[in-house]
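Next comes work_7.txt, with compact mmCIF, C-alpha atoms.
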```txt
# COMPACT_ATOMS: atom_id res chain seq x y z
CA MET B 1 -5.32 179.64 76.68
CA GLN B 2 -4.25 176.02 76.90
CA ASP B 3 -2.27 174.79 73.88
CA ASP B 4 -4.07 171.45 73.89
CA LEU B 5 -7.38 173.20 73.20
CA LEU B 6 -6.06 174.52 69.90
CA ASN B 7 -5.58 172.71 66.60
CA PHE B 8 -3.04 174.43 64.35
CA SER B 9 -2.70 171.62 61.80
CA GLU B 10 -5.13 173.54 59.56
CA PRO B 11 -5.06 177.32 60.06
CA ARG B 12 -8.37 179.16 60.17
CA ALA B 13 -6.75 182.22 58.59
CA ASN B 14 -6.29 182.16 54.84
CA VAL B 15 -5.88 184.25 51.69
CA ARG B 16 -8.29 183.16 48.98
CA ALA B 17 -7.76 183.27 45.22
CA ASN B 18 -9.97 186.38 44.94
CA GLY B 19 -7.83 188.30 47.46
CA GLU B 20 -10.09 187.88 50.48
CA VAL B 21 -8.12 187.49 53.70
CA GLU B 22 -10.16 185.16 55.90
CA LEU B 23 -9.91 185.47 59.66
CA GLY B 24 -12.12 182.64 60.85
CA GLU B 25 -15.80 182.15 60.15
CA GLU B 26 -17.05 185.70 60.59
CA VAL B 27 -14.47 188.10 59.13
CA GLY B 28 -13.20 188.59 55.58
CA CYS B 29 -10.78 191.40 54.69
CA ASP B 30 -9.92 193.32 51.51
CA GLY B 31 -11.71 191.09 49.01
CA SER B 32 -15.15 189.93 47.94
CA THR B 33 -16.66 187.96 50.82
CA LYS B 34 -19.79 186.18 51.97
CA LYS B 35 -18.91 186.59 55.63
CA PRO B 36 -21.01 188.75 57.96
CA ILE B 37 -18.13 191.24 58.44
CA HIS B 38 -16.09 192.70 55.56
CA VAL B 39 -13.09 194.73 56.76
CA ILE B 40 -11.23 197.14 54.48
CA THR B 41 -7.77 197.71 55.93
CA HIS B 42 -7.07 200.85 53.88
CA ALA B 43 -8.09 202.77 50.77
CA HIS B 44 -5.70 201.36 48.16
CA ALA B 45 -7.11 199.66 45.08
CA ASP B 46 -5.64 196.20 45.73
CA HIS B 47 -7.34 196.13 49.14
CA MET B 48 -10.75 197.37 48.00
CA GLY B 49 -12.17 194.24 46.36
CA GLY B 50 -15.89 193.50 46.58
CA LEU B 51 -16.81 196.65 48.48
CA THR B 52 -20.54 195.91 48.39
CA THR B 53 -20.17 192.29 49.56
CA GLY B 54 -20.44 190.85 53.05
CA GLY B 55 -23.01 191.52 55.71
CA ARG B 56 -21.43 194.75 56.97
CA LEU B 57 -18.51 196.88 55.81
CA VAL B 58 -16.12 197.80 58.63
CA ALA B 59 -13.17 200.20 58.42
CA THR B 60 -11.70 203.09 60.33
CA PRO B 61 -13.66 206.36 59.97
CA GLU B 62 -10.67 207.77 58.07
CA THR B 63 -10.79 204.94 55.52
CA LEU B 64 -14.53 205.30 55.05
CA ASP B 65 -14.08 209.03 54.35
CA LEU B 66 -11.30 208.28 51.86
CA LEU B 67 -13.51 205.72 50.13
CA ALA B 68 -16.23 208.36 49.88
CA ALA B 69 -13.75 210.89 48.46
CA LEU B 70 -12.73 208.32 45.85
CA GLY B 71 -16.38 207.63 44.99
CA LYS B 72 -16.05 204.02 46.15
CA LEU B 73 -18.26 203.97 49.26
CA LYS B 74 -21.40 202.24 48.01
CA HIS B 75 -22.16 199.87 50.89
CA LYS B 76 -25.53 200.63 52.49
CA ASN B 77 -24.51 200.21 56.12
CA PRO B 78 -20.79 200.87 56.74
CA LEU B 79 -19.42 200.95 60.28
CA GLY B 80 -16.60 203.29 61.20
CA LEU B 81 -14.62 201.50 63.89
CA ALA B 82 -12.00 203.46 65.83
CA TYR B 83 -8.60 201.99 66.56
CA GLU B 84 -8.45 199.66 69.57
CA LYS B 85 -12.23 199.70 70.11
CA PRO B 86 -13.37 196.04 70.11
CA LEU B 87 -16.41 195.05 68.07
CA GLN B 88 -18.36 192.12 69.48
CA LEU B 89 -18.81 189.15 67.14
CA LYS B 90 -20.92 186.05 67.64
CA ASP B 91 -17.75 184.20 68.57
CA GLY B 92 -15.23 186.67 69.98
CA THR B 93 -14.15 190.19 69.12
CA LEU B 94 -12.75 192.19 66.21
CA THR B 95 -10.29 195.02 66.87
CA LEU B 96 -8.50 197.38 64.49
CA PHE B 97 -4.98 198.58 65.31
CA LYS B 98 -3.08 201.39 63.63
CA ALA B 99 -0.76 200.52 60.75
CA ASN B 100 1.80 203.07 59.59
CA HIS B 101 0.84 203.26 55.92
CA ILE B 102 -1.70 205.73 54.54
CA LEU B 103 -4.30 207.64 56.57
CA GLY B 104 -6.69 205.23 58.30
CA ALA B 105 -4.69 202.08 57.57
CA ALA B 106 -5.40 199.30 60.05
CA GLN B 107 -4.29 195.90 61.20
CA VAL B 108 -7.10 193.47 62.00
CA MET B 109 -7.21 191.22 65.07
CA VAL B 110 -9.91 188.59 65.65
CA GLU B 111 -9.92 186.87 69.03
CA THR B 112 -12.09 183.83 69.72
CA LYS B 113 -12.23 180.97 72.23
CA GLU B 114 -10.47 178.79 69.66
CA GLY B 115 -7.55 181.19 69.22
CA SER B 116 -6.63 184.51 67.65
CA MET B 117 -5.93 185.59 64.07
CA ALA B 118 -4.56 188.84 62.65
CA PHE B 119 -3.89 190.49 59.31
CA THR B 120 -1.28 193.23 59.13
CA GLY B 121 -2.54 194.84 55.94
CA ASP B 122 0.19 197.03 54.44
CA PHE B 123 2.52 198.72 56.92
CA LYS B 124 5.86 200.30 57.69
CA PHE B 125 7.43 198.74 60.77
CA ASN B 126 8.33 202.00 62.49
CA GLY B 127 5.12 203.37 63.99
CA THR B 128 3.19 200.10 63.71
CA ARG B 129 2.26 198.12 66.81
CA VAL B 130 3.30 194.47 66.67
CA LEU B 131 0.33 192.16 67.29
CA HIS B 132 0.62 188.72 68.91
CA PRO B 133 -1.95 186.39 67.35
CA ASP B 134 -1.82 182.62 67.10
CA GLU B 135 -2.15 182.89 63.31
CA LEU B 136 -0.67 185.87 61.44
CA VAL B 137 -1.39 186.91 57.85
CA ILE B 138 1.31 189.35 56.76
CA GLU B 139 1.85 191.47 53.66
CA ALA B 140 4.80 190.47 51.47
CA THR B 141 5.28 193.41 49.11
CA TYR B 142 9.04 193.48 49.68
CA GLY B 143 9.45 189.90 50.85
CA ARG B 144 12.71 189.03 49.08
CA PRO B 145 16.06 189.21 50.90
CA GLU B 146 17.45 191.62 48.30
CA GLN B 147 14.58 194.06 48.95
CA ARG B 148 16.30 196.01 51.70
CA ARG B 149 16.52 199.78 52.18
CA ASN B 150 19.76 200.84 53.80
CA TYR B 151 19.17 204.56 53.56
CA THR B 152 17.35 207.33 55.39
CA ASP B 153 16.45 211.00 54.94
CA VAL B 154 14.59 210.43 51.65
CA ASP B 155 12.13 213.11 52.81
CA LEU B 156 14.85 215.76 52.83
CA LEU B 157 16.25 214.53 49.53
CA LEU B 158 12.82 214.87 47.87
CA VAL B 159 12.23 218.40 49.15
CA ASP B 160 15.74 219.48 48.13
CA LEU B 161 15.22 218.03 44.65
CA VAL B 162 11.91 219.88 44.18
CA GLU B 163 13.31 223.17 45.50
CA THR B 164 16.37 222.98 43.25
CA ALA B 165 14.31 222.04 40.18
CA LEU B 166 11.97 224.99 40.75
CA GLN B 167 14.85 227.29 39.88
CA LYS B 168 14.56 226.02 36.29
CA GLY B 169 10.78 225.99 36.04
CA PRO B 170 7.67 224.05 37.10
CA VAL B 171 7.90 220.66 38.82
CA GLU B 172 5.45 217.77 38.54
CA VAL B 173 5.50 215.06 41.22
CA MET B 174 3.73 211.78 40.45
CA ALA B 175 2.80 209.19 43.06
CA SER B 176 -0.06 206.98 44.25
CA ASN B 177 -2.90 208.23 46.43
CA GLY B 178 -1.74 208.36 50.03
CA LYS B 179 1.87 208.86 48.97
CA LEU B 180 0.80 212.04 47.15
CA GLN B 181 -0.60 213.39 50.40
CA GLU B 182 2.60 212.39 52.20
CA VAL B 183 4.54 214.38 49.61
CA LEU B 184 2.13 217.30 49.98
CA ALA B 185 2.82 217.41 53.73
CA LEU B 186 6.58 217.37 53.06
CA LEU B 187 6.26 220.32 50.67
CA ALA B 188 5.35 222.52 53.64
CA GLN B 189 9.15 222.87 53.92
CA LEU B 190 9.32 224.79 50.63
CA PRO B 191 9.58 228.58 50.74
CA ARG B 192 6.24 230.30 51.15
CA GLY B 193 4.36 231.47 48.10
CA ILE B 194 5.10 228.57 45.74
CA PRO B 195 1.75 227.38 44.34
CA ILE B 196 1.05 223.67 44.88
CA ILE B 197 -1.55 222.26 42.49
CA VAL B 198 -3.53 219.02 42.82
CA ASP B 199 -6.24 217.45 40.68
CA SER B 200 -9.86 217.21 41.84
CA LYS B 201 -9.46 213.75 43.34
CA GLY B 202 -6.25 214.72 45.09
CA TYR B 203 -8.02 217.80 46.45
CA ALA B 204 -10.86 215.71 47.90
CA ILE B 205 -8.40 213.27 49.49
CA ALA B 206 -6.29 216.08 50.95
CA ARG B 207 -9.41 217.53 52.59
CA VAL B 208 -9.94 214.20 54.37
CA TYR B 209 -6.35 214.24 55.62
CA GLU B 210 -6.88 217.73 57.03
CA LYS B 211 -10.13 216.64 58.66
CA TYR B 212 -8.16 214.14 60.72
CA GLY B 213 -5.50 216.57 61.82
CA VAL B 214 -2.80 216.14 59.17
CA ARG B 215 -1.17 219.54 58.62
CA LEU B 216 -0.77 220.39 54.94
CA PRO B 217 0.49 223.50 53.18
CA GLU B 218 -1.89 225.54 51.05
CA TYR B 219 -2.85 223.70 47.85
CA LEU B 220 -4.95 224.63 44.84
CA GLU B 221 -7.43 222.55 42.88
CA ALA B 222 -6.20 222.43 39.29
CA SER B 223 -9.26 224.02 37.67
CA THR B 224 -9.27 227.17 39.84
CA GLU B 225 -8.20 230.52 38.45
CA ARG B 226 -5.23 230.77 40.84
CA ALA B 227 -3.96 227.38 39.69
CA LEU B 228 -4.40 228.25 36.02
CA ARG B 229 -2.57 231.52 36.55
CA ALA B 230 0.32 229.69 38.22
CA VAL B 231 0.52 227.35 35.23
CA ARG B 232 0.63 230.31 32.84
CA ASP B 233 3.39 231.87 34.94
CA LYS B 234 5.30 228.54 34.87
CA ALA B 235 6.01 228.71 38.59
CA TYR B 236 4.36 225.86 40.48
CA VAL B 237 4.59 222.34 41.88
CA ALA B 238 1.88 219.94 40.66
CA LEU B 239 1.00 216.64 42.31
CA TRP B 240 -0.48 214.08 39.93
CA PRO B 241 -1.30 210.34 40.09
CA LEU B 242 1.29 207.95 38.68
CA ASN B 243 -0.75 207.26 35.54
CA ALA B 244 -0.70 210.92 34.48
CA ARG B 245 1.32 211.83 31.41
CA HIS B 246 4.53 213.71 32.03
CA THR B 247 6.19 216.15 29.65
CA SER B 248 9.79 217.11 29.00
CA ARG B 249 8.77 220.76 29.44
CA THR B 250 8.75 220.32 33.22
CA THR B 251 10.92 218.55 35.76
CA THR B 252 9.11 215.31 36.66
CA VAL B 253 9.72 213.40 39.89
CA LEU B 254 8.31 209.87 40.17
CA VAL B 255 7.89 208.92 43.82
CA THR B 256 7.52 205.20 44.44
CA GLY B 257 8.57 202.57 46.93
CA ARG B 258 9.31 200.04 44.19
CA SER B 259 12.85 201.33 43.83
CA MET B 260 15.39 200.13 46.37
CA LYS B 261 17.45 203.25 45.58
CA PRO B 262 16.78 206.56 47.34
CA PHE B 263 17.36 208.58 44.18
CA GLU B 264 17.90 207.99 40.47
CA ARG B 265 18.09 210.29 37.47
CA LEU B 266 16.34 208.43 34.67
CA LYS B 267 16.99 211.04 31.96
CA ASP B 268 16.99 214.81 31.54
CA ASN B 269 14.35 216.34 33.82
CA LEU B 270 13.04 212.92 34.92
CA TYR B 271 13.90 211.61 38.38
CA LEU B 272 12.85 208.73 40.60
CA VAL B 273 12.72 208.95 44.40
CA GLY B 274 12.32 205.77 46.49
CA LEU B 275 9.90 206.80 49.21
CA SER B 276 8.10 203.71 50.51
CA ASP B 277 5.11 203.24 52.80
CA HIS B 278 5.83 199.49 53.13
CA SER B 279 8.20 197.47 55.30
CA ASP B 280 11.28 196.11 53.59
CA PHE B 281 12.41 192.49 53.94
CA ASP B 282 14.26 192.99 57.22
CA ASP B 283 11.27 194.72 58.80
CA LEU B 284 8.87 191.96 57.74
CA VAL B 285 11.13 189.36 59.36
CA LEU B 286 11.48 191.54 62.46
CA TYR B 287 7.70 191.91 62.77
CA VAL B 288 7.22 188.12 62.71
CA HIS B 289 10.11 187.62 65.13
CA GLU B 290 8.55 190.01 67.66
CA SER B 291 5.01 188.75 67.06
CA HIS B 292 5.72 185.08 67.94
CA PRO B 293 2.75 183.58 66.08
CA ARG B 294 2.37 179.80 65.84
CA ILE B 295 1.87 180.02 62.08
CA VAL B 296 2.36 182.71 59.42
CA ILE B 297 0.56 183.10 56.11
CA THR B 298 2.18 185.41 53.58
CA ASP B 299 -0.16 187.27 51.23
CA ALA B 300 0.59 185.84 47.77
CA TYR B 301 -2.46 187.43 46.16
CA ARG B 302 -0.87 190.89 46.35
CA SER B 303 2.80 189.98 46.08
CA PRO B 304 4.77 187.39 44.07
CA SER B 305 7.42 187.61 46.80
CA ALA B 306 5.16 185.81 49.30
CA PRO B 307 6.47 182.25 48.70
CA ILE B 308 10.05 183.46 49.13
CA LEU B 309 9.16 185.31 52.33
CA ALA B 310 7.45 182.19 53.71
CA LYS B 311 10.55 180.09 52.97
CA GLU B 312 12.85 182.67 54.56
CA LEU B 313 10.69 182.89 57.69
CA GLN B 314 10.82 179.13 58.13
CA GLU B 315 14.58 178.98 57.67
CA ARG B 316 15.47 182.05 59.73
CA LEU B 317 12.92 181.82 62.55
CA GLY B 318 11.99 178.14 62.55
CA ILE B 319 8.33 179.03 62.27
CA ARG B 320 5.71 177.35 60.09
CA ALA B 321 4.96 179.70 57.20
CA LEU B 322 2.73 179.26 54.14
CA ALA B 323 2.13 181.42 51.08
CA ARG B 324 -1.57 181.68 50.22
CA PRO B 325 -3.14 181.43 47.74
CA GLN B 326 -0.80 178.86 46.28
CA VAL B 327 0.92 179.61 42.98
CA GLY B 328 -1.50 179.14 40.10
CA SER B 329 -4.66 179.53 42.21
CA GLY B 330 -5.16 183.25 41.75
CA ASN B 331 -3.63 186.63 41.11
CA MET B 332 0.06 186.55 41.89
CA GLY B 333 0.75 190.16 41.00
```
Target format structure tokens, applied to this file:
Amino acid sequence: MQDDLLNFSEPRANVRANGEVELGEEVGCDGSTKKPIHVITHAHADHMGGLTTGGRLVATPETLDLLAALGKLKHKNPLGLAYEKPLQLKDGTLTLFKANHILGAAQVMVETKEGSMAFTGDFKFNGTRVLHPDELVIEATYGRPEQRRNYTDVDLLLVDLVETALQKGPVEVMASNGKLQEVLALLAQLPRGIPIIVDSKGYAIARVYEKYGVRLPEYLEASTERALRAVRDKAYVALWPLNARHTSRTTTVLVTGRSMKPFERLKDNLYLVGLSDHSDFDDLVLYVHESHPRIVITDAYRSPSAPILAKELQERLGIRALARPQVGSGNMG
């Protein structure tokens, strides 16, 4: 495409104050929209705004099934769009590409005669294909230079911690949806016969993961007799959401990417493990470096680090970068 046909003084991609990521005239992502196509990049709460809005809801089949398991799929006419299968728009095409995050997570690419736009959604760099749009909207969860992870093998550390703690009694692991299922898959490394208990929502989500080929160890829904017996015997691992209450009577492991440390003992029987499904600062910069967009928009609706990331991208890569929405125009958390 000839550069002189394109006008990049005002980008067509944007992040609005309600969280909608706009990719041109036809596509809005992850927020309430009036556009004919509403894409949900993945089934996390901060990307599920306005699920019944827009002309048609589009997501990967995996994401639609997760939304159904969460009781959130209420749109009358959703479209499950497989990775790398273009959807024809009035002016161009829409294509979803795999993002290494939770099951079904997608990047969104819109290609038109006037140029191309993409939204990364949330992603870990390793295992995520770098897209090459003219305008790139990128997540900024860990967009500050100090938000770097210089460690590996957190998976092994977590399994070792759980196995060691089981020698003293039951273990409760708390994490967000998606991360809980990642932990569940890791617990296949535990010795056979240790009951793994999940709540009803976690059970429904795990069934979706298995449907799409993710191998999980045996797990029990919390209300079943086998699970209740394991609780009485005080020999089990339970996987609960982060907002569940923990008790000093068990060893509790909080699993979150918000810590830049791989492991921390907070107090007796309470531990934190830094297992992230997001890119750190270096990986965000590397993605933009390899993408070579003409302009970058950092997602300030979902991360207060977005303005800092935009400034760093401009200084390090010499690329025009903007944080949107601007400070004060919407949710900055």
### Query
For Asp30 (chain B), which residue among B:Asp46, B:Glu135, B:Glu84, B:Glu182 is the nearest when counting only C-alpha atoms?
B:Asp46
### Query
What is the CA of Ala222 (chain B)-CA of Ile194 (chain B) distance in Å, reported with one decimal?
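Interatomic distance, CA of Ala222 (chain B) to CA of Ile194 (chain B): 14.4 Å.
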Contacts of Gly31 (chain B) at 9 Å or less, counting only C-alpha atoms, minus same-chain residues fewer than 2 places along, as a PDB file with C-alpha atoms, in the frame of the given file?
```
ATOM      1  CA  ARG B  16      -8.290 183.160  48.980  1.00  0.00           C
ATOM      2  CA  ASN B  18      -9.970 186.380  44.940  1.00  0.00           C
ATOM      3  CA  GLY B  19      -7.830 188.300  47.460  1.00  0.00           C
ATOM      4  CA  GLU B  20     -10.090 187.880  50.480  1.00  0.00           C
ATOM      5  CA  VAL B  21      -8.120 187.490  53.700  1.00  0.00           C
ATOM      6  CA  GLY B  28     -13.200 188.590  55.580  1.00  0.00           C
ATOM      7  CA  CYS B  29     -10.780 191.400  54.690  1.00  0.00           C
ATOM      8  CA  THR B  33     -16.660 187.960  50.820  1.00  0.00           C
ATOM      9  CA  HIS B  38     -16.090 192.700  55.560  1.00  0.00           C
ATOM     10  CA  VAL B  39     -13.090 194.730  56.760  1.00  0.00           C
ATOM     11  CA  ILE B  40     -11.230 197.140  54.480  1.00  0.00           C
ATOM     12  CA  ASP B  46      -5.640 196.200  45.730  1.00  0.00           C
ATOM     13  CA  HIS B  47      -7.340 196.130  49.140  1.00  0.00           C
ATOM     14  CA  MET B  48     -10.750 197.370  48.000  1.00  0.00           C
ATOM     15  CA  GLY B  49     -12.170 194.240  46.360  1.00  0.00           C
ATOM     16  CA  GLY B  50     -15.890 193.500  46.580  1.00  0.00           C
ATOM     17  CA  LEU B  51     -16.810 196.650  48.480  1.00  0.00           C
ATOM     18  CA  THR B  53     -20.170 192.290  49.560  1.00  0.00           C
TER      19      THR B  53
END
```
### Message
Using all atoms listed in the file, list the residues that have an atom at most 12 Å from (-8.5, 224.7, 39.5), coordinates as in the file, as a VMD selection string.
### Response
chain B and resid 195 to 203 219 to 231 238
#### Entry: Selection: 12 Å around Thr247 (chain B), only C-alpha atoms, excl. self and same-chain fewer than 5 positions, as a ChimeraX atom specification
/B:170-174,252-253,268-270
### Task
Excluding region 275-282 of chain B and residues on its chain fewer than 6 positions from it, collect all residues at most 7 Å away from it, counting all atoms listed in the file, and give them as a count of residues only.
16
### Task
Work out how far CA of Thr41 (chain B) is from CA of Leu317 (chain B), in Å to one decimal.
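So the answer is 26.9 Å.
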### Query
By how many Å are CA of Arg316 (chain B) and CA of Thr95 (chain B) apart?
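Those two atoms sit 29.7 Å apart.
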### Message
Considering only C-alpha atoms, can you say which of B:Met260, B:Ala188, B:Ile295, B:Leu131 comes closest to Ala99 (chain B)?
### Response
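Closest residue, counting only C-alpha atoms: B:Leu131.
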### Task
Give me the residues within 8 Å of His132 (chain B) as number ranges by chain, counting only C-alpha atoms and dropping any in the same chain fewer than 6 places off.
B: 291-293
### Query
Residues at most 12 Å from Val214 (chain B), counting all atoms listed in the file, excluding those fewer than 4 positions away in the same chain, as a list in words?
Glu62, Ile102, Leu103, Gly104, Gln181, Glu182, Leu184, Ala185, Leu186, Ala188, Ile205, Ala206, Arg207, Val208, Tyr209 and Glu210 of chain B
### Task
Rank nothing, just name the residue among B:Ala175, B:Leu180, B:Ala68, B:Leu23 nearest to Val108 (chain B), using all atoms listed in the file.
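Among the listed residues, B:Leu23 lies closest to Val108 (chain B).
Taking all atoms listed in the file into account, Tyr301 (chain B) lies nearest to B:Glu139 out of the set B:Leu158, B:Asn150, B:Gly193, B:Glu139.
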#### Entry: For Leu216 (chain B), the nearest of the candidates B:Asp91, B:Leu187, B:Leu161, B:Leu284, counting only C-alpha atoms
B:Leu187
Show me the residues around (-13.9, 194.7, 67.2) - criterion: an atom at most 9 Å away, all atoms listed in the file counted - as a short mmCIF file (atom, residue, chain, number, x, y, z; two decimals) with C-alpha atoms, in the coordinates of the input.
```cif
data_model
loop_
_atom_site.label_atom_id
_atom_site.label_comp_id
_atom_site.auth_asym_id
_atom_site.auth_seq_id
_atom_site.Cartn_x
_atom_site.Cartn_y
_atom_site.Cartn_z
CA LEU B 81 -14.62 201.50 63.89
CA GLU B 84 -8.45 199.66 69.57
CA LYS B 85 -12.23 199.70 70.11
CA PRO B 86 -13.37 196.04 70.11
CA LEU B 87 -16.41 195.05 68.07
CA GLN B 88 -18.36 192.12 69.48
CA LEU B 89 -18.81 189.15 67.14
CA GLY B 92 -15.23 186.67 69.98
CA THR B 93 -14.15 190.19 69.12
CA LEU B 94 -12.75 192.19 66.21
CA THR B 95 -10.29 195.02 66.87
CA LEU B 96 -8.50 197.38 64.49
CA VAL B 108 -7.10 193.47 62.00
CA MET B 109 -7.21 191.22 65.07
CA VAL B 110 -9.91 188.59 65.65
CA GLU B 111 -9.92 186.87 69.03
#
```
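Using only C-alpha atoms, the smallest distance between any of B:Gln107, B:Thr164, B:Thr112, B:Thr120 and Ile138 (chain B) comes from B:Thr120.
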